[in-house]
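Colleague: Supplied in structure tokens, the structure appears directly below.
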Amino acid sequence: MAQIDGGNGRRQFLTLAAGALALAATRLEAEEPFDSLPPSVWRHARNNGLVMIRRPAPRQLTWRTRIAGADEPGQPLIVTGGVFAPDGKTAASGVTVYAYNTDAQGYYGENQAEFPPRLYGWTKTDTDGRFELRTILPGCYPGMHVPAHIHFSLWGAGYPLQWVEELRFEGDRYITPAMLRQAENDGEFRTIQRLVLGEDGMLRCSYKIRLQSRSNFA
């Protein structure tokens with residue numbers, strides 16, 4: 001039987017161990033991305049939206065979540081989503097999807113506070129890149145001509161923390177022609193979606209997200 005030289009064996013072991021640690025660190029950074037953000041990003045947390053992300057995320061997540069309870073005032077809404085790799089074709093599984101929105105009156109926090117949000121939740125995409133969230137149709141910001149919308153941030157499965165354009169809804173009185181033109185240009189990844197009212201009284205819409213390979217938090 002061949003024998004392994006002690007020195008070479010140790011070097012091989014250390015090389016493999018270092019590679020495993022590097023891989024583990026990469027995975028940790030992908031799953032827990034906040035600690036790896038530079039201080040400059042945290043200094044702008046109110047402007048870039050970091051203050052709105054509740055953390056840490058639960059360890060056990062499924063592809064479905066409920067943001068708003070059954071007793072939450074407002075029109076119930078189910079968003080069925082799909083997350084895709086930057087190529088726009090490959091389904092991205094195991095990605096954490098964090099979402100939040102205003103209440104029916106247009107406020108995020110408790111007692112009409114600006115932050116942190118009260119209606120929020122996480123999902124993790126399934127093997128087909130799907131997720132589903134149950135919430136209410138958000139209210140518009142009081143006194144502002146901003147369309148009602150839902151915010152999304154994503155990370156994990158090898159992708160860094162990133163925000164995507166908020167989901168808005170056809171028929172909103174504050175949707176402008178320019179917004180509609182941009183939505184048309186976005187094709188299947190359009191961020192203005194049609195709401196469909198089901199016989200069960202639930203509003204439904206779909207939403208497709210294309211990931212980026214780099215974080216856009218600044």
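By order of appearance in the structure tokens: chains A, B, ..., then residues from 1 within every chain, and ligands from 1 in the order shown.
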Report as a Markdown table: every residue of stretch 102-134 of chain A with an atom at most 8 Å from stretch 60-67 of chain A, its closest pair of atoms, and their distance in Å to one decimal, counting only C-alpha atoms, with rows sorted by chain and ascending residue number.

Modeller:
| residue | atom | partner | partner_atom | distance |
| --- | --- | --- | --- | --- |
| A:Leu119 | CA | A:Ile67 | CA | 5.4 |
| A:Tyr120 | CA | A:Ile67 | CA | 5.0 |
| A:Gly121 | CA | A:Ile67 | CA | 5.2 |
| A:Trp122 | CA | A:Thr65 | CA | 6.6 |
| A:Thr123 | CA | A:Trp63 | CA | 5.0 |
| A:Lys124 | CA | A:Trp63 | CA | 4.8 |
| A:Thr125 | CA | A:Trp63 | CA | 5.0 |
| A:Asp126 | CA | A:Trp63 | CA | 5.7 |
| A:Arg130 | CA | A:Trp63 | CA | 6.6 |
| A:Phe131 | CA | A:Trp63 | CA | 4.6 |
| A:Glu132 | CA | A:Arg64 | CA | 4.6 |
| A:Leu133 | CA | A:Thr65 | CA | 4.9 |
| A:Arg134 | CA | A:Arg66 | CA | 4.6 |

Colleague: Can those selected residues be exported to a file as a JSON list (two decimals), in the first residue's frame so that it contains N, CA and C atoms?

Modeller:
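File part_15.json, as written:
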[["chain", "number", "residue", "atom", "x", "y", "z"],
["A", 119, "LEU", "N", -46.10, 45.78, 8.29],
["A", 119, "LEU", "CA", -46.54, 44.70, 7.41],
["A", 119, "LEU", "C", -45.34, 44.24, 6.59],
["A", 120, "TYR", "N", -44.77, 43.13, 6.96],
["A", 120, "TYR", "CA", -43.55, 42.65, 6.31],
["A", 120, "TYR", "C", -43.46, 41.13, 6.45],
["A", 121, "GLY", "N", -42.59, 40.52, 5.65],
["A", 121, "GLY", "CA", -42.39, 39.08, 5.76],
["A", 121, "GLY", "C", -41.33, 38.59, 4.80],
["A", 122, "TRP", "N", -40.94, 37.33, 5.00],
["A", 122, "TRP", "CA", -39.90, 36.70, 4.18],
["A", 122, "TRP", "C", -40.46, 35.44, 3.54],
["A", 123, "THR", "N", -39.95, 35.11, 2.37],
["A", 123, "THR", "CA", -40.15, 33.79, 1.78],
["A", 123, "THR", "C", -38.80, 33.32, 1.26],
["A", 124, "LYS", "N", -38.74, 32.05, 0.89],
["A", 124, "LYS", "CA", -37.56, 31.52, 0.20],
["A", 124, "LYS", "C", -38.06, 30.77, -1.03],
["A", 125, "THR", "N", -37.54, 31.14, -2.18],
["A", 125, "THR", "CA", -38.05, 30.57, -3.42],
["A", 125, "THR", "C", -37.87, 29.05, -3.46],
["A", 126, "ASP", "N", -38.84, 28.38, -4.10],
["A", 126, "ASP", "CA", -38.77, 26.93, -4.21],
["A", 126, "ASP", "C", -37.87, 26.54, -5.39],
["A", 130, "ARG", "N", -40.29, 30.03, -7.36],
["A", 130, "ARG", "CA", -41.57, 30.64, -7.03],
["A", 130, "ARG", "C", -41.61, 31.14, -5.59],
["A", 131, "PHE", "N", -42.44, 32.17, -5.38],
["A", 131, "PHE", "CA", -42.80, 32.60, -4.03],
["A", 131, "PHE", "C", -44.23, 33.13, -4.06],
["A", 132, "GLU", "N", -44.83, 33.16, -2.89],
["A", 132, "GLU", "CA", -46.19, 33.71, -2.77],
["A", 132, "GLU", "C", -46.30, 34.47, -1.46],
["A", 133, "LEU", "N", -46.89, 35.65, -1.52],
["A", 133, "LEU", "CA", -47.13, 36.40, -0.29],
["A", 133, "LEU", "C", -48.57, 36.88, -0.25],
["A", 134, "ARG", "N", -49.10, 36.88, 0.94],
["A", 134, "ARG", "CA", -50.47, 37.33, 1.19],
["A", 134, "ARG", "C", -50.40, 38.60, 2.02]]

Colleague: When you look at stretch 47-50 of chain A with a cut-off of 7 Å (counting only C-alpha atoms), what residues show up, excluding the ones that are within fewer than 3 positions of it in the same chain? I need them as a ChimeraX atom specification.

Modeller: /A:44,53,217-218

Colleague: Please provide the set of residues having any atom within 10 Å of stretch 168-181 of chain A, restricted to only C-alpha atoms, with same-chain residues fewer than 2 positions apart removed, written as a list of chain:residue names.

Modeller: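 Once the adjacent positions are removed, what remains is A:Leu137, A:Pro138, A:Cys140, A:Met144, A:His145, A:Val146, A:Pro147, A:Ala148, A:His149, A:Ile150, A:His151, A:Glu165, A:Glu166, A:Ala183, A:Glu184, A:Asn185, A:Asp186, A:Arg190, A:Thr191, A:Ile192, A:Gln193, A:Arg194, A:Leu195, A:Cys205, A:Tyr207.
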
Colleague: Give me the residues within 7 Å of stretch 70-84 of chain A as a list of chain:residue names, counting only C-alpha atoms and dropping any in the same chain fewer than 2 places off.

Modeller: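 In the requested format, the answer is A:Ala68, A:Pro86, A:Gly88, A:Lys89, A:Thr90, A:Ala91, A:Ala92, A:Ala104, A:Gly129, A:Arg130, A:Phe131, A:Glu132, A:Leu133, A:Arg134, A:Thr135, A:Ile136, A:Leu137, A:Met202, A:Leu203, A:Arg204, A:Cys205, A:Ser206, A:Tyr207, A:Lys208, A:Ile209, A:Arg210, A:Leu211.
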
Colleague: Pick out the closest residue to A:Gly109 from this set: A:Val196, A:Val41, A:Met52, A:Leu167. Count only C-alpha atoms.

Modeller: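 With only C-alpha atoms as the atom set, the closest residue is A:Met52.
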
Colleague: Residues of stretch 25-197 of chain A in helix (DSSP H, G or I) according to DSSP, as an MDAnalysis selection string?

Modeller: chainID A and resid 25:31 34:36 39:43 45:48 50:52 110:112 177:189

Colleague: Rank nothing, just name the residue among A:Gln112, A:Ser153, A:Ser215, A:Gln182 nearest to A:Tyr100, using only C-alpha atoms.

Modeller: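 The answer is A:Ser153, which sits nearest to A:Tyr100.
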